[in-house]
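Source file input_38.cif; content: mmCIF, C-alpha atoms and all ligand atoms.
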```
data_query
loop_
_atom_site.label_atom_id
_atom_site.label_comp_id
_atom_site.auth_asym_id
_atom_site.auth_seq_id
_atom_site.Cartn_x
_atom_site.Cartn_y
_atom_site.Cartn_z
CA MET T 291 -58.02 -18.41 -103.53
CA VAL T 292 -54.91 -17.40 -101.63
CA GLN T 293 -55.82 -16.96 -97.99
CA GLN T 294 -54.13 -14.77 -95.49
CA PRO T 295 -51.50 -16.57 -93.41
CA LEU T 296 -52.32 -18.10 -90.08
CA ILE T 297 -49.95 -18.01 -87.14
CA TYR T 298 -49.96 -20.42 -84.24
CA THR T 299 -48.79 -18.37 -81.34
CA ALA T 300 -48.90 -17.95 -77.56
CA LYS T 301 -49.17 -14.61 -75.79
CA VAL T 302 -46.51 -15.53 -73.26
CA CYS T 303 -43.90 -16.59 -75.79
CA PRO T 304 -41.06 -14.18 -76.65
CA TYR T 305 -40.21 -16.18 -79.77
CA ALA T 306 -43.75 -15.99 -81.05
CA GLN T 307 -43.71 -12.28 -80.34
CA ARG T 308 -40.79 -11.89 -82.75
CA SER T 309 -42.88 -13.29 -85.58
CA LEU T 310 -45.93 -11.24 -84.64
CA ILE T 311 -43.83 -8.08 -84.62
CA ALA T 312 -42.52 -8.95 -88.10
CA LEU T 313 -46.09 -9.45 -89.37
CA GLU T 314 -47.20 -6.16 -87.82
CA GLU T 315 -44.19 -4.25 -89.14
CA ALA T 316 -44.84 -5.57 -92.63
CA GLY T 317 -48.53 -4.71 -92.40
CA VAL T 318 -49.55 -8.29 -93.21
CA LYS T 319 -53.12 -9.29 -92.56
CA TYR T 320 -53.12 -12.61 -90.75
CA ASP T 321 -55.23 -14.93 -88.67
CA ARG T 322 -53.93 -16.09 -85.35
CA TYR T 323 -54.62 -19.12 -83.27
CA ASP T 324 -53.47 -18.94 -79.67
CA ILE T 325 -52.15 -22.18 -78.29
CA ASP T 326 -52.41 -22.93 -74.60
CA LEU T 327 -48.92 -24.31 -74.09
CA ALA T 328 -50.08 -26.31 -71.08
CA ASP T 329 -52.88 -27.91 -73.06
CA LYS T 330 -52.04 -28.10 -76.75
CA PRO T 331 -54.48 -29.58 -79.25
CA SER T 332 -53.75 -33.31 -79.34
CA VAL T 333 -52.92 -33.24 -83.05
CA TYR T 334 -50.68 -30.19 -82.87
CA ASN T 335 -47.43 -32.15 -83.13
CA GLU T 336 -48.64 -34.35 -85.92
CA ARG T 337 -50.29 -31.70 -88.03
CA VAL T 338 -48.48 -28.47 -87.27
CA ASN T 339 -45.05 -28.81 -85.69
CA SER T 340 -43.37 -32.04 -84.73
CA ALA T 341 -41.16 -30.00 -82.39
CA SER T 342 -44.38 -29.13 -80.53
CA LYS T 343 -43.54 -25.42 -80.35
CA VAL T 344 -44.94 -22.06 -81.30
CA PRO T 345 -44.65 -19.99 -83.39
CA VAL T 346 -45.61 -21.64 -86.68
CA LEU T 347 -46.68 -19.65 -89.71
CA VAL T 348 -49.04 -21.42 -92.09
CA LEU T 349 -49.04 -20.11 -95.64
CA ASN T 350 -52.22 -20.31 -97.65
CA PRO T 351 -54.05 -22.35 -95.02
CA SER T 352 -56.89 -24.35 -96.46
CA ASP T 353 -58.70 -24.39 -93.15
CA SER T 354 -59.16 -21.23 -91.23
CA ALA T 355 -58.22 -20.61 -87.63
CA ASP T 356 -61.70 -21.35 -86.44
CA ASN T 357 -61.42 -24.99 -87.45
CA GLY T 358 -60.14 -26.07 -84.08
CA GLY T 359 -56.96 -24.19 -84.79
CA VAL T 360 -55.25 -27.07 -86.50
CA THR T 361 -55.24 -27.12 -90.27
CA LYS T 362 -55.93 -30.45 -91.87
CA ASP T 363 -54.27 -29.90 -95.20
CA LYS T 364 -50.80 -31.38 -95.08
CA GLY T 365 -50.01 -29.67 -98.38
CA THR T 366 -49.93 -26.16 -97.00
CA VAL T 367 -46.55 -24.71 -96.09
CA LYS T 368 -45.90 -24.52 -92.38
CA LEU T 369 -42.91 -22.56 -91.22
CA PRO T 370 -41.76 -23.13 -87.66
CA GLU T 371 -39.01 -21.13 -85.86
CA SER T 372 -39.39 -17.47 -85.05
CA LEU T 373 -36.37 -16.29 -87.00
CA VAL T 374 -37.21 -18.34 -90.07
CA ILE T 375 -40.67 -16.81 -90.04
CA SER T 376 -39.38 -13.29 -89.45
CA GLU T 377 -36.83 -13.57 -92.26
CA TYR T 378 -39.47 -14.97 -94.58
CA ILE T 379 -41.68 -11.98 -93.85
CA GLY T 380 -38.72 -9.65 -94.35
CA GLU T 381 -38.06 -11.20 -97.76
CA GLU T 382 -41.67 -11.29 -98.91
CA TYR T 383 -42.48 -7.76 -97.77
CA GLN T 384 -39.28 -5.93 -98.55
CA SER T 385 -40.82 -2.50 -98.24
CA ALA T 386 -40.99 -3.05 -94.47
CA GLY T 387 -37.18 -2.78 -94.47
CA LEU T 388 -36.66 -5.59 -91.96
CA LEU T 389 -33.73 -6.99 -93.96
CA PRO T 390 -31.80 -4.03 -95.32
CA LYS T 391 -29.20 -4.79 -97.97
CA ARG T 392 -25.78 -5.81 -96.68
CA ARG T 393 -27.04 -5.91 -93.10
CA ARG T 394 -28.56 -9.34 -93.01
CA ALA T 395 -25.46 -11.30 -92.05
CA LYS T 396 -24.61 -8.83 -89.32
CA ALA T 397 -28.17 -8.92 -88.00
CA ARG T 398 -28.01 -12.69 -87.87
CA TYR T 399 -24.69 -12.59 -86.06
CA TYR T 400 -26.03 -10.16 -83.46
CA ILE T 401 -29.10 -12.31 -82.86
CA GLU T 402 -27.07 -15.49 -82.63
CA ARG T 403 -24.52 -13.96 -80.29
CA PHE T 404 -27.16 -12.33 -78.13
CA SER T 405 -29.04 -15.62 -77.76
CA HIS T 406 -25.80 -17.29 -76.76
CA ILE T 407 -24.87 -14.81 -74.03
CA PHE T 408 -28.32 -13.83 -72.79
CA GLY T 409 -30.18 -17.15 -73.01
CA PRO T 410 -28.40 -19.26 -70.37
CA PRO T 411 -28.48 -16.67 -67.52
CA TRP T 412 -32.07 -15.83 -68.49
CA ILE T 413 -33.10 -19.45 -67.96
CA LEU T 414 -31.15 -19.67 -64.70
CA LEU T 415 -32.74 -16.50 -63.35
CA LEU T 416 -36.35 -17.11 -64.31
CA TYR T 417 -36.63 -20.89 -64.35
CA ARG T 418 -34.20 -21.75 -61.54
CA GLY T 419 -34.46 -18.62 -59.39
CA LYS T 420 -30.70 -18.06 -59.48
CA ALA T 421 -30.16 -14.42 -58.53
CA ASP T 422 -26.44 -14.65 -59.21
CA SER T 423 -27.08 -14.87 -62.96
CA LEU T 424 -28.32 -11.27 -63.06
CA PRO T 425 -24.83 -9.74 -63.64
CA SER T 426 -24.37 -12.03 -66.68
CA LEU T 427 -27.66 -10.79 -68.10
CA LEU T 428 -26.62 -7.20 -67.66
CA SER T 429 -23.27 -7.96 -69.19
CA ALA T 430 -25.06 -9.42 -72.26
CA ILE T 431 -27.03 -6.19 -72.52
CA SER T 432 -23.80 -4.17 -72.32
CA THR T 433 -22.49 -6.19 -75.24
CA PHE T 434 -25.71 -5.54 -77.16
CA GLN T 435 -25.27 -1.84 -76.46
CA LEU T 436 -21.92 -1.88 -78.30
CA TRP T 437 -23.73 -2.96 -81.47
CA LEU T 438 -26.21 -0.10 -81.46
CA SER T 439 -25.67 2.61 -84.05
CA PRO T 440 -24.48 6.03 -82.91
CA THR T 441 -27.44 8.27 -82.11
CA SER T 442 -26.14 11.27 -84.02
CA GLY T 443 -23.37 12.53 -86.24
CA SER T 444 -23.64 10.23 -89.23
CA GLU T 445 -26.04 9.05 -91.89
CA ASP T 446 -26.22 5.72 -90.13
CA SER T 447 -27.24 7.22 -86.81
CA GLY T 448 -30.59 6.51 -85.27
CA PRO T 449 -32.21 4.80 -82.39
CA PHE T 450 -32.04 1.24 -83.69
CA VAL T 451 -29.29 -1.33 -84.22
CA PHE T 452 -28.83 -0.17 -87.81
CA GLY T 453 -29.67 3.49 -87.44
CA LYS T 454 -33.05 4.81 -88.46
CA GLN T 455 -34.27 1.51 -89.88
CA TYR T 456 -36.04 -0.93 -87.55
CA THR T 457 -34.84 -4.39 -88.57
CA LEU T 458 -34.77 -8.09 -87.80
CA ALA T 459 -32.04 -7.44 -85.22
CA ASP T 460 -34.29 -5.13 -83.20
CA LEU T 461 -37.37 -7.33 -83.34
CA ALA T 462 -35.48 -10.50 -82.41
CA ILE T 463 -33.82 -9.04 -79.33
CA ALA T 464 -36.61 -6.76 -78.05
CA PRO T 465 -38.88 -9.53 -76.64
CA PHE T 466 -36.11 -10.59 -74.25
CA ILE T 467 -34.81 -7.23 -73.05
CA GLY T 468 -38.44 -6.09 -72.95
CA ARG T 469 -39.41 -8.92 -70.62
CA LEU T 470 -36.45 -8.25 -68.36
CA ILE T 471 -37.48 -4.60 -68.04
CA PHE T 472 -41.14 -5.51 -67.55
CA PHE T 473 -40.49 -8.22 -64.95
CA SER T 474 -38.28 -5.83 -63.00
CA LYS T 475 -40.84 -3.03 -63.18
CA ARG T 476 -43.66 -5.26 -62.02
CA GLY T 477 -41.79 -6.69 -59.03
CA ILE T 478 -41.16 -10.17 -60.42
CA LEU T 479 -37.43 -9.66 -60.01
CA ASP T 480 -37.61 -8.23 -56.48
CA PRO T 481 -36.86 -11.54 -54.74
CA LEU T 482 -33.96 -12.05 -57.17
CA GLY T 483 -32.30 -8.70 -56.55
CA GLY T 484 -33.44 -7.24 -59.88
CA GLY T 485 -35.97 -4.69 -58.62
CA ASP T 486 -34.00 -1.74 -60.00
CA VAL T 487 -32.92 -3.23 -63.30
CA HIS T 488 -35.73 -1.50 -65.17
CA LYS T 489 -34.59 1.87 -63.89
CA ALA T 490 -31.02 1.25 -65.01
CA LEU T 491 -32.16 0.14 -68.47
CA THR T 492 -34.62 2.94 -69.05
CA GLY T 493 -32.49 5.98 -68.39
CA GLY T 494 -31.61 5.81 -64.71
CA ASP T 495 -28.02 4.77 -65.24
CA ASP T 496 -25.61 6.40 -67.71
CA ILE T 497 -23.96 3.04 -68.29
CA PHE T 498 -27.06 1.93 -70.21
CA ALA T 499 -27.97 5.28 -71.76
CA ARG T 500 -27.86 4.01 -75.33
CA VAL T 501 -29.95 0.92 -74.52
CA ALA T 502 -32.50 3.22 -72.89
CA GLN T 503 -32.80 5.23 -76.12
CA TRP T 504 -33.15 2.05 -78.13
CA TRP T 505 -35.78 0.70 -75.78
CA GLU T 506 -37.80 3.91 -75.90
CA ALA T 507 -37.82 3.78 -79.70
CA VAL T 508 -38.71 0.07 -79.85
CA SER T 509 -41.34 -0.04 -77.14
CA THR T 510 -43.29 2.94 -78.42
CA ARG T 511 -43.84 1.31 -81.81
CA ARG T 512 -47.25 -0.02 -82.54
CA SER T 513 -45.74 -3.40 -83.41
CA TRP T 514 -44.51 -3.73 -79.82
CA LYS T 515 -47.60 -2.47 -78.08
CA SER T 516 -49.96 -4.63 -80.08
CA THR T 517 -47.96 -7.82 -79.48
CA PHE T 518 -47.07 -7.53 -75.79
CA ASN T 519 -49.91 -8.57 -73.53
CA GLU T 520 -48.89 -7.27 -70.11
CA ASP T 521 -51.58 -8.97 -68.03
CA ILE T 522 -51.07 -12.44 -69.43
CA ILE T 523 -47.29 -12.20 -69.39
CA TYR T 524 -47.33 -10.94 -65.82
CA LYS T 525 -49.65 -13.69 -64.58
CA ALA T 526 -47.63 -16.44 -66.25
CA ALA T 527 -44.36 -15.07 -64.88
CA LYS T 528 -45.77 -14.71 -61.38
CA THR T 529 -47.13 -18.27 -61.35
CA ARG T 530 -43.85 -19.65 -62.64
CA GLN T 531 -41.86 -17.67 -60.12
CA GLU T 532 -43.92 -18.85 -57.17
CA LYS T 533 -43.34 -22.41 -58.29
CA VAL T 534 -39.60 -21.90 -58.83
CA LEU T 535 -39.10 -20.18 -55.47
CA ALA T 536 -41.13 -22.85 -53.67
CA GLU T 537 -39.02 -25.56 -55.27
CA ARG T 538 -35.85 -23.79 -54.22
CA GLN T 539 -37.17 -23.54 -50.70
CA VAL T 540 -37.87 -27.29 -50.62
CA GLY T 541 -34.40 -27.91 -52.06
CA LYS T 542 -32.82 -26.01 -49.16
CA GLN T 543 -34.63 -28.05 -46.49
N1 LIG T 601 -36.36 -21.84 -81.44
C1 LIG T 601 -37.77 -21.68 -81.34
C2 LIG T 601 -38.18 -21.63 -79.89
C3 LIG T 601 -39.71 -21.58 -79.73
C4 LIG T 601 -40.12 -21.96 -78.31
O1 LIG T 601 -39.30 -22.40 -77.49
N2 LIG T 601 -41.41 -21.82 -78.04
C5 LIG T 601 -41.91 -22.26 -76.75
C6 LIG T 601 -42.81 -21.22 -76.10
S1 LIG T 601 -41.94 -19.74 -75.76
C7 LIG T 601 -42.78 -23.50 -76.95
O2 LIG T 601 -43.57 -23.56 -77.85
N3 LIG T 601 -42.60 -24.46 -76.07
C8 LIG T 601 -43.35 -25.67 -76.12
C9 LIG T 601 -44.06 -25.96 -74.86
O3 LIG T 601 -44.04 -25.12 -73.94
O4 LIG T 601 -44.68 -27.02 -74.79
C10 LIG T 601 -38.19 -20.40 -82.09
O5 LIG T 601 -37.35 -19.50 -82.20
O6 LIG T 601 -39.32 -20.34 -82.60
#
```
Rewritten as structure tokens:
Amino acid sequence: MVQQPLIYTAKVCPYAQRSLIALEEAGVKYDRYDIDLADKPSVYNERVNSASKVPVLVLNPSDSADNGGVTKDKGTVKLPESLVISEYIGEEYQSAGLLPKRRRAKARYYIERFSHIFGPPWILLLYRGKADSLPSLLSAISTFQLWLSPTSGSEDSGPFVFGKQYTLADLAIAPFIGRLIFFSKRGILDPLGGGDVHKALTGGDDIFARVAQWWEAVSTRRSWKSTFNEDIIYKAAKTRQEKVLAERQVGKQ
């Protein structure tokens, strides 16, 4: 019997959220097993992902999620990497429209480029407490804004990257811009000078007006709301920040 897929995931992980959004958008029924990243099952690397990361999608798992969360059958297909998983879902469930014809290469370019320009300052800000990386993050978002479709006046207009169709490009980038907005809104970025970033990105600043429209359309989808666990993400970010700021303090002494 073909079983529904199982995803190894973690509520705090933006990469895992990409894959969950893809599953939700495609209406796939799936089992999930949440990995505590600080205390992974001892056989996780050996049996699931030698890179020791989430997400991993297991196709036709022979053991279900309740079997300690780690399938025993080495014959089942295990797909690591959030974009590999999301593209697989886009291909298998084409009616979801995640990979529209002749848009795939462009979507992949946008994702690649965004990761390149947003990733490094993101790490510096959140994992090193470097407030001076905030302008680079906002500059990456300005670049992203240039890729968004016009909101009116053509057949291709719409709120998303490729007009009316929500695609791989939207789901891959949303977990990162979404976290930036959320961390700013909830005060995590206050000590780093980013307390007002959420206002700017959600309609308070004309410079980011198009991003604000995109974000409104993305964040009101069920696929976003059902995959973004505010409490857990907030707690993890707060704990990490306290640690990072304390380390910086020690470094200064
Ligand atoms: N390139 C990977 C990155 C996945 C990743 O970095 N996942 C993190 C959590 S957000 C992880 O599992 N880290 C392992 C750990 O924390 O031990 C993807 O796109 O899936």
Shell of 12 Å around ligand LIG 601 (chain T) (all atoms listed in the file), written as number ranges by chain: T: 297-310, 324-332, 334-335, 338-347, 369-377, 401-402, 405, 409, 413, 462-463, 465-466, 523, 526
Test item: residues at most 9 Å from Val534 (chain T), only C-alpha atoms, excluding those fewer than 6 positions along its chain, as a PyMOL selection string: chain T and resi 416-419
Enter the distance from CA of Tyr456 (chain T) to CA of Ala386 (chain T), in Å, rounded to one decimal.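 Calculated distance between CA of Tyr456 (chain T) and CA of Ala386 (chain T) is 8.8 Å.
Comparing the minimum interatomic distances between Leu296 (chain T) and each of T:Ala536, T:Ile478, T:Ile311, T:Val348, counting only C-alpha atoms, we find that T:Val348 sits nearest.
Compared by their closest atoms to Val367 (chain T), and using only C-alpha atoms, the residues T:Gly448, T:Lys528, T:Arg337, T:Ala507 rank with T:Arg337 nearest.
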12 Å contact set for Leu428 (chain T), all atoms listed in the file, chain neighbours under 3 positions out, as a ChimeraX atom specification: /T:404,407-409,411-412,415,422-425,431-435,467,470-471,484,486-488,490-491,497-498,501
One decimal place gives the CA of Ala502 (chain T)-CA of Pro449 (chain T) separation as 9.6 Å
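Going from CA of Glu506 (chain T) to CA of Tyr320 (chain T) covers 27.0 Å.
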